[in-house]
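J.: Following this message is one structure expressed as structure tokens.
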Number of protein chains: 2
Amino acid sequence: MLIQNLTLIGVGLIGGSLARALKQAEQCGHIIGCGRNVENLQTAVRLGVIDAYETELDQAVANADVVVVATPLGAMDATLQAIAPALKTSAIVTDVGSAKQSVAQAAYRHLSQHLQNMVPAHPIAGAEQSGVLAAKVDLFQQRRVIITPLAETSDAAKHTITRMWQLTGAEVIDLPIDYHDQVLAATSHLPHMLAYALVDLLASMETGEDIFRFAAGGFKDFTRIASSDPTMWHDICVANRNALVVMLKRFQQHLAKLTTDIEQQHDGEFKALFQRAKTARDQFNLP
Amino acid sequence: MLIQNLTLIGVGLIGGSLARALKQAEQCGHIIGCGRNVENLQTAVRLGVIDAYETELDQAVANADVVVVATPLGAMDATLQAIAPALKTSAIVTDVGSAKQSVAQAAYRHLSQHLQNMVPAHPIAGAEQSGVLAAKVDLFQQRRVIITPLAETSDAAKHTITRMWQLTGAEVIDLPIDYHDQVLAATSHLPHMLAYALVDLLASMETGEDIFRFAAGGFKDFTRIASSDPTMWHDICVANRNALVVMLKRFQQHLAKLTTDIEQQHDGEFKALFQRAKTARDQFNLP
């Protein structure tokens, strides 16, 4: 058995799906859930996602071999601070946050005695739904999980977390922290900003509700991520502010050039851009 | 039978799907296809999408009761010019273009003797695929078709085209030409520009191909429309240039404000934007 006692802090879509997958793999002895919402924790026990729950962080982690912090990023700092004194020396701590520099900083602040067992990680999966009711045993099948070790992280701790995620069906990849945050700002955080900004702009227009009546399938696909949890995305913007702002500004420059090309009838220019984009997207075989 | 002789100019996804739906409804006697690519026309005959084909526009429309122009927008002007002398006086002409002001202008240029029988229309359906092989009998089921009549369009002609589209399972709505072009610039043309610009920017980054490896489901949905046909979208940008540039500039302002809010730590501001966008999108019940 890979993990005897696992404590899951934050029993939502990601944490709940991880717990389900580990239980199915029979590689986890006992899972304690912890969170602020007792009703949610009771639901998770009833669904069989976790075996038991605690509402106090120090009690929840006291016996843990692995602690998975699956809270929103905004709660990361306070969570690491609260668990630090209660951790066993051997306990491995990992997380699932969508930005890693801020998690590393919180670890250096609060887990300075524990850095060899700290393994920041990010499963690239999710959905517009959230909550334990949305948790699925196969959420991570054929998805990627990025591990961004600290300089201090031991090979043994990294190996355990790598194995844990492989058990869910995911491919696990190591990346440097800064590189992770830049890549995710580009492929995930920026697109969410564009979708949110577009829907908000259209909803604010003088045409009002009418405008959505004429939206086709492309618009629905394009804006699906604008139904994501605003609090989670607030936290991501705060946690990855610098890399995201860099990408937002690069995109604005790119869009300004495209706008100028359309306005000034540089028709060959924007047609070439469309062709490059189609080629890139088709080439990478995104379905 | 609603239409005895129908001529379809441009036998691709939209035209082919319309032909299939009309045949299934048994409300169309004979369908002649016309286009530049003989092989494509032969395929369409073999698939039973059309009954016969012509390669010369004047011969193709000579006997038509209804002419559907389903070419890319860039071919609209030349097509209307070519068919004008050959049309029967009673022939109704309609199109499927994604922008309507430019079609109306072409009609005023070339069909001035025929305006009472000109019915500009736009089925809001489509896909990243194109060509007659992608044509589906149910493409327009539960979709909307917008008709933008000219001041001169007769009620009888409008009624025939409305019935034609209703037979495909679509809901047919009348809108003024300018309003159509503004709404589509916002809900369709602008999102395509954002998706194209995003994919092109990412493909040009120093991280190169690597970046697409870490794209999650949200990115795939978001950028699906960047796989659309570059020529078609070039034509749409040219045809709806003014309305599109207005929307691009409005979006740039909105995005600049969001960027400033993130950069300057106005965290309540951008969280409120995310919340408004989520509420709007959820409220309009887009799946």
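So you can find residues: chains in the structure tokens are A, B, ... in the order shown, residues in each start at 1, and ligands are numbered from 1 in order.
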Which residues, written as a PyMOL selection string, have at least one atom at most 10 Å from B:Glu26, with only C-alpha atoms counted and residues fewer than 3 positions away on the same chain left out?

T.: chain B and resi 1-3+20-23+29+167

J.: Fewer than 3 positions away in the same chain doesn't count, so skip those; otherwise give me all residues within 9 Å of B:Ala107, counting only C-alpha atoms, as a PyMOL selection string.

T.: chain B and resi 77+80-81+102-104+110-112+114-115+118

J.: Using only C-alpha atoms, please write the residues we just selected to a file, as a short mmCIF file (atom, residue, chain, number, x, y, z; two decimals), in the first residue's frame.

T.:
```cif
data_model
loop_
_atom_site.label_atom_id
_atom_site.label_comp_id
_atom_site.auth_asym_id
_atom_site.auth_seq_id
_atom_site.Cartn_x
_atom_site.Cartn_y
_atom_site.Cartn_z
CA ASP B 77 -20.47 39.99 -55.28
CA LEU B 80 -24.75 37.86 -57.84
CA GLN B 81 -23.34 39.73 -60.82
CA SER B 102 -22.18 43.50 -47.61
CA VAL B 103 -24.68 41.08 -49.16
CA ALA B 104 -27.33 43.79 -49.29
CA HIS B 110 -26.32 43.66 -59.26
CA LEU B 111 -29.93 42.66 -58.63
CA SER B 112 -31.58 46.07 -58.80
CA HIS B 114 -34.84 41.77 -58.59
CA LEU B 115 -34.85 43.25 -55.10
CA MET B 118 -33.94 39.00 -52.68
#
```

J.: Please provide as a PDB file with N, CA and C atoms, in the first residue's frame all residues within 12 Å of B:Gly268, with the sequence filter that same-chain residues fewer than 2 positions apart are discarded (counting only C-alpha atoms).

T.:
```
ATOM      1  N   PRO A 230     -15.816  31.966  -9.590  1.00  0.00           N
ATOM      2  CA  PRO A 230     -15.145  33.279  -9.501  1.00  0.00           C
ATOM      3  C   PRO A 230     -14.138  33.371  -8.356  1.00  0.00           C
ATOM      4  N   THR A 231     -14.440  32.744  -7.218  1.00  0.00           N
ATOM      5  CA  THR A 231     -13.500  32.809  -6.087  1.00  0.00           C
ATOM      6  C   THR A 231     -12.202  32.081  -6.410  1.00  0.00           C
ATOM      7  N   TRP A 233     -10.948  31.635  -9.292  1.00  0.00           N
ATOM      8  CA  TRP A 233     -10.180  32.383 -10.294  1.00  0.00           C
ATOM      9  C   TRP A 233      -9.637  33.695  -9.747  1.00  0.00           C
ATOM     10  N   HIS A 234     -10.344  34.279  -8.817  1.00  0.00           N
ATOM     11  CA  HIS A 234      -9.755  35.401  -8.081  1.00  0.00           C
ATOM     12  C   HIS A 234      -8.446  34.960  -7.435  1.00  0.00           C
ATOM     13  N   ASP A 235      -8.494  33.834  -6.757  1.00  0.00           N
ATOM     14  CA  ASP A 235      -7.299  33.351  -6.056  1.00  0.00           C
ATOM     15  C   ASP A 235      -6.152  33.063  -7.032  1.00  0.00           C
ATOM     16  N   CYS A 237      -5.621  34.474  -9.934  1.00  0.00           N
ATOM     17  CA  CYS A 237      -5.082  35.761 -10.414  1.00  0.00           C
ATOM     18  C   CYS A 237      -4.151  36.386  -9.376  1.00  0.00           C
ATOM     19  N   VAL A 238      -4.533  36.281  -8.122  1.00  0.00           N
ATOM     20  CA  VAL A 238      -3.690  36.827  -7.060  1.00  0.00           C
ATOM     21  C   VAL A 238      -2.393  36.021  -6.959  1.00  0.00           C
TER      22      VAL A 238
ATOM     23  N   LEU B 258      -9.426  45.184 -17.124  1.00  0.00           N
ATOM     24  CA  LEU B 258      -9.219  43.970 -16.313  1.00  0.00           C
ATOM     25  C   LEU B 258      -7.738  43.790 -15.997  1.00  0.00           C
ATOM     26  N   ASP B 261      -6.717  46.177 -13.351  1.00  0.00           N
ATOM     27  CA  ASP B 261      -7.246  45.759 -12.049  1.00  0.00           C
ATOM     28  C   ASP B 261      -6.416  44.619 -11.449  1.00  0.00           C
ATOM     29  N   ILE B 262      -5.997  43.688 -12.294  1.00  0.00           N
ATOM     30  CA  ILE B 262      -5.178  42.578 -11.773  1.00  0.00           C
ATOM     31  C   ILE B 262      -3.805  43.105 -11.362  1.00  0.00           C
ATOM     32  N   GLN B 264      -2.842  46.133 -10.540  1.00  0.00           N
ATOM     33  CA  GLN B 264      -2.825  47.093  -9.424  1.00  0.00           C
ATOM     34  C   GLN B 264      -3.551  46.569  -8.185  1.00  0.00           C
ATOM     35  N   GLN B 265      -3.783  45.268  -8.173  1.00  0.00           N
ATOM     36  CA  GLN B 265      -4.344  44.612  -6.991  1.00  0.00           C
ATOM     37  C   GLN B 265      -5.722  45.133  -6.610  1.00  0.00           C
ATOM     38  N   HIS B 266      -6.525  45.504  -7.611  1.00  0.00           N
ATOM     39  CA  HIS B 266      -7.931  45.827  -7.352  1.00  0.00           C
ATOM     40  C   HIS B 266      -8.710  44.508  -7.351  1.00  0.00           C
ATOM     41  N   PHE B 270     -11.887  42.713 -10.104  1.00  0.00           N
ATOM     42  CA  PHE B 270     -11.891  41.616 -11.086  1.00  0.00           C
ATOM     43  C   PHE B 270     -12.689  40.424 -10.589  1.00  0.00           C
ATOM     44  N   LYS B 271     -12.742  40.242  -9.280  1.00  0.00           N
ATOM     45  CA  LYS B 271     -13.613  39.169  -8.791  1.00  0.00           C
ATOM     46  C   LYS B 271     -15.072  39.466  -9.141  1.00  0.00           C
ATOM     47  N   ALA B 272     -15.465  40.734  -9.039  1.00  0.00           N
ATOM     48  CA  ALA B 272     -16.840  41.110  -9.391  1.00  0.00           C
ATOM     49  C   ALA B 272     -17.107  40.878 -10.874  1.00  0.00           C
ATOM     50  N   LEU B 273     -16.099  41.149 -11.706  1.00  0.00           N
ATOM     51  CA  LEU B 273     -16.269  40.882 -13.148  1.00  0.00           C
ATOM     52  C   LEU B 273     -16.479  39.387 -13.386  1.00  0.00           C
ATOM     53  N   PHE B 274     -15.671  38.555 -12.746  1.00  0.00           N
ATOM     54  CA  PHE B 274     -15.813  37.104 -12.931  1.00  0.00           C
ATOM     55  C   PHE B 274     -17.226  36.673 -12.501  1.00  0.00           C
ATOM     56  N   GLN B 275     -17.686  37.246 -11.382  1.00  0.00           N
ATOM     57  CA  GLN B 275     -19.005  36.863 -10.874  1.00  0.00           C
ATOM     58  C   GLN B 275     -20.111  37.292 -11.840  1.00  0.00           C
TER      59      GLN B 275
END
```

J.: Got a sec to tell me which of stretch 76-158 of chain B DSSP assigns to alpha helix (DSSP H), as a list in words?

T.: Met76, Asp77, Ala78, Thr79, Leu80, Gln81, Ala82, Ile83, Gln101, Ser102, Val103, Ala104, Gln105, Ala106, Ala107, Tyr108, Arg109, His110, Asp155, Ala156, Ala157 and Lys158 of chain B

J.: Go through B:Met247, B:Leu87, B:Ala151, B:Ala52 and flag the residue nearest B:Tyr108, using only C-alpha atoms for the distances.

T.: B:Ala151

J.: Would you list the contacts of B:His122 as a PyMOL selection string, taking every protein, DNA or RNA residue within 9 Å and counting only C-alpha atoms, but skipping same-chain residues closer than 2 positions in sequence?

T.: chain B and resi 95-100+120+124-125+144-148

J.: Determine which residues of stretch 111-245 of chain B DSSP labels as strand (DSSP E) from the backbone of this structure, then write them out as a PyMOL selection string.

T.: chain B and resi 118-119+121-124+144-147+171-174

J.: For the selection you just gave me, I'd like the residues written to a file as a compact mmCIF listing (two decimals), in the first residue's frame, keeping C-alpha atoms.

T.:
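What landed in again_35.txt:
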```txt
# COMPACT_ATOMS: atom_id res chain seq x y z
CA MET B 118 -33.94 39.00 -52.68
CA VAL B 119 -34.00 37.56 -49.13
CA ALA B 121 -30.45 35.16 -44.59
CA HIS B 122 -27.99 33.70 -42.13
CA PRO B 123 -28.30 30.25 -40.57
CA ILE B 124 -26.43 30.35 -37.25
CA ARG B 144 -31.69 29.84 -35.45
CA VAL B 145 -31.82 31.35 -38.91
CA ILE B 146 -31.85 35.14 -39.12
CA ILE B 147 -33.54 36.75 -42.10
CA GLU B 171 -36.33 28.74 -35.79
CA VAL B 172 -36.49 31.72 -38.15
CA ILE B 173 -36.16 35.27 -36.85
CA ASP B 174 -36.27 38.64 -38.64
```

J.: Taking into account only C-alpha atoms, which residue in the set B:Leu8, B:Ala60, B:Leu139, B:Ala156 is nearest to chain A?

T.: B:Leu139

J.: Residues near stretch 130-138 of chain B, anyone? I mean within 7 Å using only C-alpha atoms, not counting same-chain ones fewer than 6 positions away, as a list in words.

T.: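 Residues near the query, excluding close chain neighbours: Val11, Gly12, Leu13, Ile14, Gly16, Ser17, Arg20, Ala21 and Ala44 of chain B.
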
J.: Could you pull the residues within 7 Å of stretch 209-225 of chain B, counting only C-alpha atoms, minus those fewer than 5 positions along the same chain, as a ChimeraX atom specification?

T.: /A:124-125,183,187-188,191,218,221-223,225,284,286-287 /B:128,192,195,203

J.: Counting only C-alpha atoms, figure out which residue out of B:Val61, B:Ala157, B:Ala280, B:Met164 gets nearest to chain A.

T.: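 Closest to chain A of all the choices is B:Ala280.
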
J.: Of the candidates A:Val38, A:His30, A:Val45, A:Glu54, which shows the shortest atom-to-atom distance to A:Val66, using only C-alpha atoms?

T.: A:His30
